[in-house]
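K.L.:
So here's query_11.txt, just compact mmCIF, C-alpha atoms:
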# COMPACT_ATOMS: atom_id res chain seq x y z
CA MET A 1 151.22 154.22 141.47
CA THR A 2 149.69 152.63 138.39
CA GLN A 3 145.97 152.67 137.90
CA THR A 4 145.48 149.03 138.75
CA GLU A 5 147.34 149.26 142.05
CA HIS A 6 145.02 152.07 142.96
CA LEU A 7 142.08 149.70 142.52
CA LEU A 8 143.58 147.43 145.16
CA THR A 9 144.76 149.98 147.70
CA ARG A 10 141.71 152.14 147.65
CA LEU A 11 138.66 150.03 148.43
CA PRO A 12 135.55 150.76 146.37
CA THR A 13 133.56 151.51 149.49
CA GLU A 14 135.92 154.21 150.79
CA MET A 15 134.56 157.69 150.11
CA GLY A 16 136.46 160.13 152.33
CA GLY A 17 137.77 163.14 150.44
CA LEU A 18 136.43 162.18 147.02
CA ASP A 19 134.44 164.66 144.99
CA GLY A 20 130.77 164.28 145.76
CA GLY A 21 127.84 166.16 144.39
CA PRO A 22 125.12 167.94 146.30
CA ILE A 23 123.57 166.00 149.12
CA GLN A 24 120.18 164.67 148.07
CA ARG A 25 118.09 164.29 151.19
CA VAL A 26 116.86 160.93 149.98
CA GLU A 27 115.24 158.57 152.37
CA HIS A 28 113.23 155.49 151.57
CA GLU A 29 111.04 153.34 153.67
CA TYR A 30 113.00 150.17 154.31
CA ALA A 31 111.41 147.18 152.56
CA PRO A 32 110.62 144.20 154.81
CA TRP A 33 113.30 142.10 153.16
CA GLU A 34 115.87 144.82 153.83
CA LYS A 35 114.99 144.88 157.50
CA ARG A 36 115.19 141.08 157.53
CA CYS A 37 118.59 141.33 155.89
CA HIS A 38 119.73 143.69 158.62
CA ALA A 39 118.33 141.37 161.26
CA LEU A 40 120.17 138.51 159.59
CA ALA A 41 123.43 140.46 159.82
CA ASN A 42 122.92 140.99 163.54
CA VAL A 43 122.07 137.33 164.12
CA LEU A 44 125.07 136.13 162.10
CA ASP A 45 127.30 138.43 164.15
CA ILE A 46 125.89 137.20 167.45
CA HIS A 47 126.50 133.61 166.40
CA LYS A 48 129.98 134.52 165.18
CA ILE A 49 129.13 133.02 161.82
CA ILE A 50 129.85 136.31 160.03
CA SER A 51 131.15 139.16 162.16
CA THR A 52 130.40 142.77 161.37
CA GLU A 53 133.98 143.23 160.24
CA GLU A 54 133.82 140.18 157.96
CA LYS A 55 130.67 141.63 156.44
CA ARG A 56 132.44 144.93 155.74
CA ARG A 57 135.34 143.12 154.12
CA GLY A 58 132.90 140.97 152.15
CA VAL A 59 131.18 144.05 150.74
CA GLU A 60 134.54 145.61 149.84
CA ALA A 61 135.52 142.40 148.07
CA LEU A 62 132.53 142.65 145.73
CA GLY A 63 134.63 145.04 143.68
CA SER A 64 133.79 148.40 142.21
CA GLU A 65 131.21 147.35 139.63
CA LEU A 66 128.97 145.48 142.07
CA VAL A 67 129.49 148.05 144.81
CA GLU A 68 128.24 150.67 142.41
CA LYS A 69 125.39 148.71 140.85
CA LEU A 70 123.92 146.92 143.85
CA THR A 71 121.91 148.72 146.47
CA TYR A 72 122.95 148.73 150.10
CA TYR A 73 121.26 145.54 151.28
CA GLN A 74 121.79 143.79 147.96
CA ARG A 75 125.51 144.20 148.69
CA TRP A 76 125.06 142.72 152.13
CA ILE A 77 123.19 139.59 151.05
CA VAL A 78 125.62 138.86 148.20
CA ALA A 79 128.55 139.38 150.57
CA PHE A 80 126.96 136.99 153.07
CA VAL A 81 126.52 134.36 150.38
CA ASN A 82 130.13 134.64 149.26
CA ILE A 83 131.39 134.33 152.82
CA LEU A 84 129.10 131.40 153.59
CA PHE A 85 130.45 129.66 150.48
CA GLU A 86 134.04 130.36 151.58
CA LYS A 87 133.32 128.99 155.03
CA GLU A 88 131.73 125.89 153.51
CA LEU A 89 128.46 126.57 155.30
CA LEU A 90 126.60 126.72 152.03
CA THR A 91 127.24 125.53 148.49
CA PRO A 92 126.27 127.24 145.24
CA GLU A 93 124.05 124.30 144.34
CA GLU A 94 122.17 124.36 147.64
CA LEU A 95 121.52 128.04 147.30
CA ALA A 96 120.45 127.84 143.67
CA ARG A 97 118.02 125.04 144.42
CA LYS A 98 116.56 126.86 147.41
CA MET A 99 116.21 130.11 145.47
CA ASP A 100 114.33 128.27 142.74
CA GLU A 101 112.08 126.73 145.38
CA VAL A 102 111.39 130.13 146.96
CA ALA A 103 110.71 131.72 143.58
CA ALA A 104 108.29 128.91 142.68
CA ARG A 105 106.07 129.80 145.65
CA HIS A 106 105.24 133.08 143.95
CA GLU A 107 104.64 131.91 140.45
CA PRO A 108 101.11 132.30 139.14
CA SER A 109 99.24 129.03 139.33
CA GLY A 110 97.60 127.30 136.43
CA GLY A 111 99.09 126.88 133.00
CA MET I 1 145.16 152.55 195.65
CA PRO I 2 147.38 149.48 196.21
CA LYS I 3 150.77 149.53 194.53
CA PRO I 4 151.09 147.20 191.61
CA PHE I 5 153.33 144.19 192.23
CA PRO I 6 156.79 144.75 190.83
CA ASN I 7 158.44 142.38 188.39
CA ILE I 8 155.31 141.59 186.47
CA VAL I 9 156.11 141.23 182.79
CA HIS I 10 153.32 142.58 180.65
CA ALA I 11 152.17 140.80 177.56
CA GLU I 12 152.63 142.81 174.43
CA GLY I 13 150.09 145.56 174.07
CA GLU I 14 149.01 145.76 177.69
CA GLU I 15 150.31 149.26 178.16
CA PRO I 16 149.25 151.92 175.70
CA LEU I 17 152.14 153.17 173.63
CA PHE I 18 150.67 156.68 173.50
CA LYS I 19 148.83 158.98 175.85
CA PRO I 20 146.50 161.93 175.38
CA GLY I 21 148.32 164.93 173.96
CA ASP I 22 151.04 162.89 172.24
CA GLN I 23 151.89 163.95 168.71
CA VAL I 24 151.57 161.03 166.31
CA LYS I 25 151.86 160.27 162.63
CA ILE I 26 149.75 157.76 160.71
CA SER I 27 151.91 155.23 158.90
CA ALA I 28 152.17 155.66 155.15
CA ARG I 29 151.26 152.09 154.41
CA TYR I 30 148.87 151.08 151.60
CA PRO I 31 147.54 147.57 152.19
CA MET I 32 145.13 145.79 149.89
CA GLY I 33 142.33 143.50 151.03
CA HIS I 34 140.92 145.29 154.02
CA TYR I 35 141.78 148.30 156.15
CA ARG I 36 140.08 150.58 158.65
CA VAL I 37 142.36 153.60 158.25
CA PRO I 38 141.15 155.86 155.44
CA ASN I 39 143.64 156.93 152.78
CA TYR I 40 143.10 160.60 153.54
CA ILE I 41 144.88 160.36 156.93
CA ARG I 42 147.79 158.17 155.80
CA GLY I 43 151.09 159.84 156.54
CA LYS I 44 149.40 162.75 158.31
CA ARG I 45 150.24 164.21 161.70
CA GLY I 46 147.81 164.58 164.55
CA ARG I 47 147.57 164.33 168.31
CA VAL I 48 146.04 161.77 170.65
CA GLU I 49 142.72 162.84 172.15
CA SER I 50 142.10 159.68 174.15
CA VAL I 51 143.02 156.06 174.63
CA ILE I 52 140.02 153.81 174.03
CA GLU I 53 139.45 151.15 176.66
CA PRO I 54 139.48 148.20 176.66
CA ARG I 55 142.12 146.81 174.33
CA ALA I 56 140.75 144.96 171.36
CA VAL I 57 141.68 142.76 168.47
CA ASN I 58 142.86 144.43 165.25
CA ASN I 59 139.69 144.92 163.23
CA GLU I 60 141.64 144.62 160.01
CA ASP I 61 142.41 141.02 160.93
CA GLU I 62 138.81 140.48 162.07
CA GLY I 63 137.72 141.19 158.54
CA PHE I 64 139.13 137.83 157.57
CA GLY I 65 137.59 135.92 160.43
CA ARG I 66 140.32 136.26 163.00
CA ASN I 67 138.74 137.06 166.35
CA ALA I 68 141.60 136.04 168.60
CA GLY I 69 145.12 137.26 168.96
CA LEU I 70 146.94 140.02 170.72
CA LYS I 71 144.78 142.88 171.80
CA ARG I 72 146.08 146.38 171.51
CA TYR I 73 144.68 149.86 171.95
CA TYR I 74 142.68 152.05 169.66
CA TYR I 75 143.29 155.76 170.00
CA ARG I 76 141.10 158.69 169.08
CA ILE I 77 143.30 161.00 167.05
CA ILE I 78 142.69 164.67 166.28
CA PHE I 79 143.72 166.19 162.95
CA PRO I 80 143.30 169.84 162.10
CA LEU I 81 141.47 169.95 158.77
CA THR I 82 144.24 172.24 157.52
CA GLU I 83 146.63 169.31 157.99
CA LEU I 84 144.46 166.95 155.98
CA TRP I 85 143.41 169.21 153.09
CA PRO I 86 145.73 171.70 151.46
CA GLY I 87 143.94 174.98 151.09
CA TYR I 88 141.19 174.14 153.59
CA ALA I 89 138.93 177.18 153.43
CA GLY I 90 137.40 177.07 156.90
CA PRO I 91 138.76 178.21 160.27
CA LYS I 92 142.04 176.68 161.42
CA THR I 93 140.26 175.42 164.53
CA ASP I 94 138.12 172.96 162.54
CA GLU I 95 139.20 169.39 163.26
CA LEU I 96 138.61 165.73 162.46
CA ARG I 97 138.57 162.97 165.06
CA ILE I 98 138.98 159.32 164.16
CA GLU I 99 139.85 156.04 165.89
CA VAL I 100 143.09 154.38 164.83
CA PHE I 101 144.56 151.05 165.89
CA GLU I 102 147.96 151.17 167.55
CA THR I 103 149.79 149.39 164.73
CA TRP I 104 149.14 152.39 162.46
CA LEU I 105 150.64 154.98 164.80
CA GLU I 106 154.17 156.30 164.96
CA GLY I 107 155.57 158.83 167.40
CA SER I 108 156.11 162.19 165.80
CA MET P 1 109.80 121.04 149.69
CA SER P 2 110.65 121.87 153.25
CA SER P 3 107.35 122.82 154.76
CA ASP P 4 108.98 123.23 158.17
CA ALA P 5 111.19 126.02 156.92
CA HIS P 6 108.24 127.64 155.21
CA ALA P 7 106.16 127.53 158.36
CA HIS P 8 108.90 129.31 160.28
CA ALA P 9 109.46 131.97 157.65
CA PRO P 10 108.15 135.46 158.33
CA ILE P 11 105.10 136.33 156.32
CA PRO P 12 106.14 137.28 152.77
CA ASP P 13 105.35 140.83 151.85
CA ALA P 14 103.57 142.36 148.87
CA GLY P 15 100.92 139.69 148.35
CA ASP P 16 101.67 137.47 145.36
CA ALA P 17 104.02 139.89 143.63
CA MET P 18 107.26 138.18 142.64
CA PRO P 19 109.98 139.20 145.03
CA SER P 20 113.21 140.56 143.63
CA TYR P 21 116.19 138.32 143.00
CA TYR P 22 117.87 139.61 146.15
CA GLU P 23 114.80 139.16 148.29
CA ILE P 24 114.62 135.58 147.09
CA MET P 25 118.29 135.24 147.96
CA GLU P 26 117.72 136.61 151.47
CA THR P 27 114.79 134.25 152.04
CA ALA P 28 116.72 131.28 150.74
CA VAL P 29 119.78 132.02 152.88
CA ARG P 30 117.67 132.48 156.00
CA GLU P 31 115.76 129.24 155.45
CA LEU P 32 118.89 127.25 154.69
CA LEU P 33 120.64 128.54 157.80
CA VAL P 34 117.65 127.54 159.92
CA GLU P 35 117.49 124.10 158.27
CA LYS P 36 121.17 123.62 159.06
CA ASN P 37 120.62 124.74 162.67
CA ALA P 38 123.12 127.53 162.19
CA ILE P 39 120.52 129.97 163.46
CA GLY P 40 117.29 129.40 165.37
CA ALA P 41 113.91 129.48 163.66
CA GLY P 42 112.57 132.52 165.52
CA GLU P 43 115.76 134.53 165.80
CA ILE P 44 115.24 136.79 162.83
CA ARG P 45 111.71 137.63 163.88
CA GLN P 46 112.88 138.36 167.40
CA MET P 47 115.69 140.55 166.13
CA LEU P 48 113.22 142.50 163.99
CA GLU P 49 111.19 143.19 167.12
CA VAL P 50 114.29 144.49 168.89
CA MET P 51 115.16 146.68 165.91
CA ASP P 52 111.67 148.15 165.85
CA THR P 53 112.16 149.56 169.35
CA ARG P 54 115.22 151.53 168.31
CA THR P 55 114.08 154.72 166.62
CA PRO P 56 115.07 158.39 166.79
CA ALA P 57 112.38 158.85 169.44
CA LEU P 58 114.65 156.92 171.78
CA GLY P 59 117.52 159.29 171.07
CA SER P 60 115.26 162.31 171.56
CA GLN P 61 114.28 161.08 175.02
CA ILE P 62 117.92 160.61 175.96
CA VAL P 63 118.80 164.12 174.81
CA ALA P 64 115.82 165.67 176.60
CA ARG P 65 116.78 163.96 179.81
CA ALA P 66 120.36 165.18 179.48
CA TRP P 67 119.01 168.69 179.05
CA VAL P 68 117.03 168.62 182.28
CA ASP P 69 119.23 166.39 184.47
CA PRO P 70 122.84 167.58 184.85
CA ALA P 71 123.94 164.46 186.71
CA PHE P 72 122.57 162.22 183.93
CA ARG P 73 124.23 164.45 181.38
CA ALA P 74 127.59 164.13 183.11
CA ARG P 75 127.31 160.34 183.31
CA LEU P 76 126.22 160.15 179.69
CA LEU P 77 129.20 162.16 178.53
CA ALA P 78 131.57 160.10 180.66
CA ASN P 79 130.34 156.70 179.44
CA GLY P 80 127.47 156.58 176.99
CA ARG P 81 126.95 152.84 176.87
CA ALA P 82 127.10 152.22 180.62
CA THR P 83 124.69 155.06 181.32
CA LEU P 84 122.19 153.89 178.73
CA GLU P 85 122.40 150.28 179.83
CA GLU P 86 121.09 151.51 183.19
CA LEU P 87 117.97 152.54 181.27
CA GLY P 88 117.63 149.09 179.75
CA ILE P 89 119.06 149.99 176.37
CA ASP P 90 121.31 147.10 175.48
CA PHE P 91 124.08 147.14 172.93
CA PHE P 92 125.59 144.52 170.64
CA GLU P 93 128.89 142.90 171.40
CA ASN P 94 131.73 145.32 172.11
CA THR P 95 130.02 148.41 170.69
CA GLN P 96 130.68 151.58 172.64
CA LEU P 97 128.76 154.83 172.54
CA THR P 98 130.37 158.24 172.91
CA VAL P 99 128.07 161.22 173.26
CA LEU P 100 129.46 164.40 171.73
CA GLU P 101 128.32 167.61 173.36
CA ASN P 102 127.62 170.68 171.25
CA THR P 103 128.40 173.96 173.01
CA ASP P 104 128.64 177.63 172.17
CA LYS P 105 132.21 176.93 171.07
CA VAL P 106 131.99 173.46 169.47
CA HIS P 107 129.72 171.86 166.86
CA ASN P 108 129.99 168.11 166.25
CA ILE P 109 129.02 166.21 163.09
CA VAL P 110 129.31 162.45 162.53
CA VAL P 111 130.09 160.45 159.39
CA CYS P 112 131.46 157.05 158.36
CA THR P 113 133.66 157.35 155.29
CA LEU P 114 134.54 153.65 155.10
CA CYS P 115 131.05 152.17 155.43
CA SER P 116 127.98 153.33 157.37
CA CYS P 117 128.73 153.11 161.07
CA TYR P 118 125.83 154.72 162.93
CA PRO P 119 124.42 154.47 166.48
CA ARG P 120 121.73 151.99 165.43
CA GLU P 121 121.06 150.81 168.97
CA ILE P 122 119.78 154.31 169.71
CA LEU P 123 118.58 155.80 166.46
CA GLY P 124 117.57 152.75 164.43
CA LEU P 125 118.45 152.55 160.76
CA PRO P 126 120.20 155.52 159.13
CA PRO P 127 118.77 157.67 156.33
CA ASP P 128 119.96 156.92 152.80
CA TRP P 129 121.84 160.19 152.46
CA TYR P 130 124.09 159.22 155.38
CA LYS P 131 125.16 156.11 153.44
CA LEU P 132 125.60 157.67 150.00
CA LYS P 133 128.68 159.18 148.42
CA PRO P 134 128.11 162.93 148.69
CA TYR P 135 127.78 163.00 152.48
CA ARG P 136 130.46 160.41 153.08
CA ALA P 137 132.93 162.02 150.68
CA ARG P 138 132.48 165.68 151.56
CA THR P 139 131.82 165.86 155.32
CA VAL P 140 135.44 165.17 156.27
CA LYS P 141 136.72 167.63 153.69
CA GLU P 142 134.24 170.53 153.73
CA PRO P 143 131.95 170.15 156.74
CA ARG P 144 130.77 173.76 156.66
CA ALA P 145 129.58 173.44 153.06
CA VAL P 146 127.79 170.19 153.95
CA LEU P 147 126.16 171.83 156.96
CA ALA P 148 125.07 174.76 154.81
CA GLU P 149 123.26 172.33 152.49
CA PHE P 150 121.26 171.24 155.51
CA GLY P 151 120.52 174.88 156.25
CA THR P 152 122.94 174.99 159.18
CA LEU P 153 125.31 177.92 159.36
CA ILE P 154 128.01 177.67 162.00
CA PRO P 155 129.92 180.90 162.77
CA ASP P 156 133.67 180.89 162.23
CA ASP P 157 134.38 181.29 165.94
CA VAL P 158 132.67 177.95 166.60
CA GLU P 159 134.95 174.96 166.12
CA ILE P 160 133.64 172.17 163.87
CA ARG P 161 134.60 168.66 164.99
CA VAL P 162 134.01 165.96 162.41
CA SER P 163 133.95 162.42 163.80
CA ASP P 164 134.71 159.69 161.26
CA SER P 165 133.61 156.38 162.82
CA THR P 166 136.05 153.56 162.11
CA SER P 167 136.06 151.29 165.15
CA MET P 168 133.69 149.87 167.77
CA VAL P 169 132.79 153.34 169.01
CA ARG P 170 129.53 154.91 167.80
CA PHE P 171 128.70 158.57 168.18
CA LEU P 172 125.58 160.47 169.17
CA VAL P 173 125.56 164.26 169.08
CA LEU P 174 124.01 165.99 172.08
CA PRO P 175 122.63 169.18 170.52
CA GLN P 176 122.35 172.42 172.47
CA ARG P 177 119.06 173.06 174.15
CA PRO P 178 117.14 175.79 172.35
CA GLN P 179 116.63 179.11 174.11
CA ASN P 180 113.30 179.96 175.74
CA THR P 181 112.49 176.39 176.79
CA GLU P 182 113.03 176.83 180.50
CA ASN P 183 109.70 175.47 181.67
CA TRP P 184 109.21 172.80 179.07
CA SER P 185 108.55 169.21 180.10
CA GLU P 186 110.94 166.44 179.06
CA GLU P 187 108.34 165.25 176.56
CA GLN P 188 108.03 168.68 175.00
CA LEU P 189 111.79 169.01 174.84
CA ALA P 190 112.15 165.60 173.20
CA SER P 191 109.84 166.76 170.41
CA LEU P 192 112.47 169.36 169.49
CA VAL P 193 115.21 166.79 168.98
CA THR P 194 115.34 165.34 165.48
CA ARG P 195 117.41 162.47 164.19
CA ASP P 196 119.37 164.91 162.06
CA ALA P 197 120.28 166.97 165.14
CA MET P 198 121.74 163.83 166.72
CA ILE P 199 123.85 163.18 163.62
CA GLY P 200 124.93 166.81 163.84
CA VAL P 201 123.73 168.18 160.51
CA VAL P 202 121.17 170.51 162.08
CA ARG P 203 120.63 172.16 165.44
CA ALA P 204 117.70 171.42 167.71
CA ALA P 205 115.28 174.31 167.33
CA ILE P 206 111.74 175.36 168.10
CA PRO P 207 109.90 175.00 164.78
CA GLU P 208 108.96 178.46 163.60
CA LYS P 209 105.23 177.99 163.36
CA THR P 210 104.75 175.91 166.48
CA GLU P 211 102.91 177.49 169.35
CA LYS P 212 104.16 176.23 172.65
CA SER P 213 101.28 174.61 174.46
CA ARG P 214 101.22 174.65 178.24
Here is a file; write its structure as structure tokens.
P.N.:
Amino acid sequence: MTQTEHLLTRLPTEMGGLDGGPIQRVEHEYAPWEKRCHALANVLDIHKIISTEEKRRGVEALGSELVEKLTYYQRWIVAFVNILFEKELLTPEELARKMDEVAARHEPSGG
Amino acid sequence: MPKPFPNIVHAEGEEPLFKPGDQVKISARYPMGHYRVPNYIRGKRGRVESVIEPRAVNNEDEGFGRNAGLKRYYYRIIFPLTELWPGYAGPKTDELRIEVFETWLEGS
Amino acid sequence: MSSDAHAHAPIPDAGDAMPSYYEIMETAVRELLVEKNAIGAGEIRQMLEVMDTRTPALGSQIVARAWVDPAFRARLLANGRATLEELGIDFFENTQLTVLENTDKVHNIVVCTLCSCYPREILGLPPDWYKLKPYRARTVKEPRAVLAEFGTLIPDDVEIRVSDSTSMVRFLVLPQRPQNTENWSEEQLASLVTRDAMIGVVRAAIPEKTEKSR
């Protein structure tokens, strides 16, 4: 098997049997937005807008660089966005405009 | 227990293909896109611990939005760790258990 | 500016600090989905309330009850979800729950090598280490070494069973009841059961310095 085929047939999220270092007993307090992201996943699944399995596949499809560089819930929200685009429930322009609007709520006032 | 009516033709997948204790082999298939069978059990031999009820849709297809279609069984399969990892250092009685969809199983 | 969507949004956290790019993304997606009537305005908030009631304390109570009530234990082992639904613990969709009993001869440990499957309806959200590479890579390959890193030594005559979750079934380990707890109340017993014992990386044990209060 060539190296590039390996990238396709072993998903970047699959870990079983790989070399791993010592287990760091890390735990962090979940940020409110992370909990909201998890709640969003559950609600999307209930509505059959994005099932749990579609979410898993969406995270896998981010590819190895993003899977490595994004944190757990960052992967989820980006995967959701990609799937919502694919399903034509959202467009890149709508999202970009809304994100700018949300960001503007937090900008310091005055000039 | 009433006897089932004879002459009923079952839809595909209604009867489990395997039962507890059966020896099975995981198919040596290497799909891209999405899978729920880890690479480390591909082509390995194990035995059926249990048949999971009820039948369900193939979760590999669900990953792409399919939530209808023929339902088949998942099975909980037992693998000795010595089967999965050459040179496994622990006791031979150590085992792994994992659920596998019927389309990945072959009689062994 | 959609003031309706803003009014329905949960209260932003961290005062006026600029949220991260991904938090902004999450907020934007949620508000757009509500504006499009894809999801209801209060659904996320309601789901957060449900999630807040699922914590390891819930699992500890279930284990303690199984320790004191053999009939409950038997039902739990036969069908985890059905038994817990009788207690009002509801589950999502087609999720199943299998309770794995530790004995003198068998020690169970649970992992998800493909993603992060975890019995969230019982234990809440998993610890980071459960979702990171070392645990997910090594538990299926060298469970005894992984257990040793958690301070858990399992004798060779005890069988290790690693469960790798891949389907709709979730797993909860039922640890062995510690010795010398014969007269303990269910509440006292529950205090011995940690989240990590229900994942299977440690045993349930009486903490060394604790004095049992009567």
K.L.:
Which value, in Å to one decimal, gives the distance between atom CA of P:Glu187 and atom CA of P:Leu77?
P.N.:
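Distance reported for this atom pair: 21.2 Å.
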K.L.:
Of the candidates A:Ile77, A:Val59, A:Val102, A:Gly16, which shows the shortest atom-to-atom distance to A:Ala41, using all atoms listed in the file?
P.N.:
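Of the candidates, the smallest distance to A:Ala41 is held by A:Ile77.
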K.L.:
Of the residues P:Tyr21, P:Phe92, P:Phe150, P:Tyr135, which is the one nearest to P:Val202, using all atoms listed in the file?
P.N.:
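Selected residue with least distance to P:Val202: P:Phe150.
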K.L.:
So how many Å separate atom CA of I:Ile52 and atom CA of P:Arg203, to one decimal?
P.N.:
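According to the coordinates, atom CA of I:Ile52 and atom CA of P:Arg203 are separated by 28.0 Å.
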K.L.:
If you count all atoms listed in the file, which residues fall within 6 Å of stretch 19-24 of chain A, apart from same-chain ones fewer than 2 positions away, as number ranges by chain?
P.N.:
A: 26; P: 134, 137
K.L.:
Identify the residues within 8 Å of coordinate (122.6, 126.2, 151.4) (same frame as the file), considering only C-alpha atoms, and give the answer as a count of residues only.
P.N.:
12
K.L.:
Show me, as number ranges by chain, every residue of chain A with an atom at most 9 Å from chain P, counting all atoms listed in the file.
P.N.:
A: 11, 13-28, 30-40, 42-47, 49, 56, 72-74, 77-78, 80-81, 89-90, 94-103, 105-108
K.L.:
Which residue, I:Val9, I:Leu84, I:Leu17, I:Ile26, has the smallest gap to chain A when you use all atoms listed in the file?
P.N.:
I:Leu84
K.L.:
Using only C-alpha atoms, determine which residues of chain I fall within 6 Å of chain P; present them as an mmCIF file with C-alpha atoms, in the coordinates of the input.
P.N.:
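Once everything was written out, this is part_35.cif:
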data_model
loop_
_atom_site.group_PDB
_atom_site.id
_atom_site.type_symbol
_atom_site.label_atom_id
_atom_site.label_comp_id
_atom_site.auth_asym_id
_atom_site.auth_seq_id
_atom_site.Cartn_x
_atom_site.Cartn_y
_atom_site.Cartn_z
ATOM 1 C CA THR I 93 140.260 175.420 164.530
ATOM 2 C CA ASP I 94 138.120 172.960 162.540
ATOM 3 C CA GLU I 95 139.200 169.390 163.260
ATOM 4 C CA LEU I 96 138.610 165.730 162.460
ATOM 5 C CA ARG I 97 138.570 162.970 165.060
ATOM 6 C CA ILE I 98 138.980 159.320 164.160
ATOM 7 C CA GLU I 99 139.850 156.040 165.890
#
K.L.:
Name the closest residue to A:Thr9 among the candidates I:Leu81, I:Glu49, I:Tyr30, I:Asn67; distances are taken between atoms, counting all atoms listed in the file.
P.N.:
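Of the candidates, the smallest distance to A:Thr9 is held by I:Tyr30.
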K.L.:
Determine which residues of chain I sit within 8 Å of chain A, taking into account all atoms listed in the file, and present them as a ChimeraX atom specification.
P.N.:
/I:30-34,38-40,59-60,62-65
K.L.:
Looking at I:Glu53, I:Glu14, I:Asp61, I:Glu106, which one is nearest to I:Arg76, with distances taken over only C-alpha atoms?
P.N.:
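Comparing I:Glu53, I:Glu14, I:Asp61, I:Glu106 against I:Arg76, the winner is I:Glu53.
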K.L.:
My list of candidates is I:Glu15, I:Ile8, I:Arg55, I:Val100. Which is closest to I:Phe79 when distances are computed with only C-alpha atoms?
P.N.:
I:Val100
K.L.:
By how many Å are atom CA of P:Thr98 and atom CA of P:Leu76 apart?
P.N.:
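Going from atom CA of P:Thr98 over to atom CA of P:Leu76, I get 8.2 Å.
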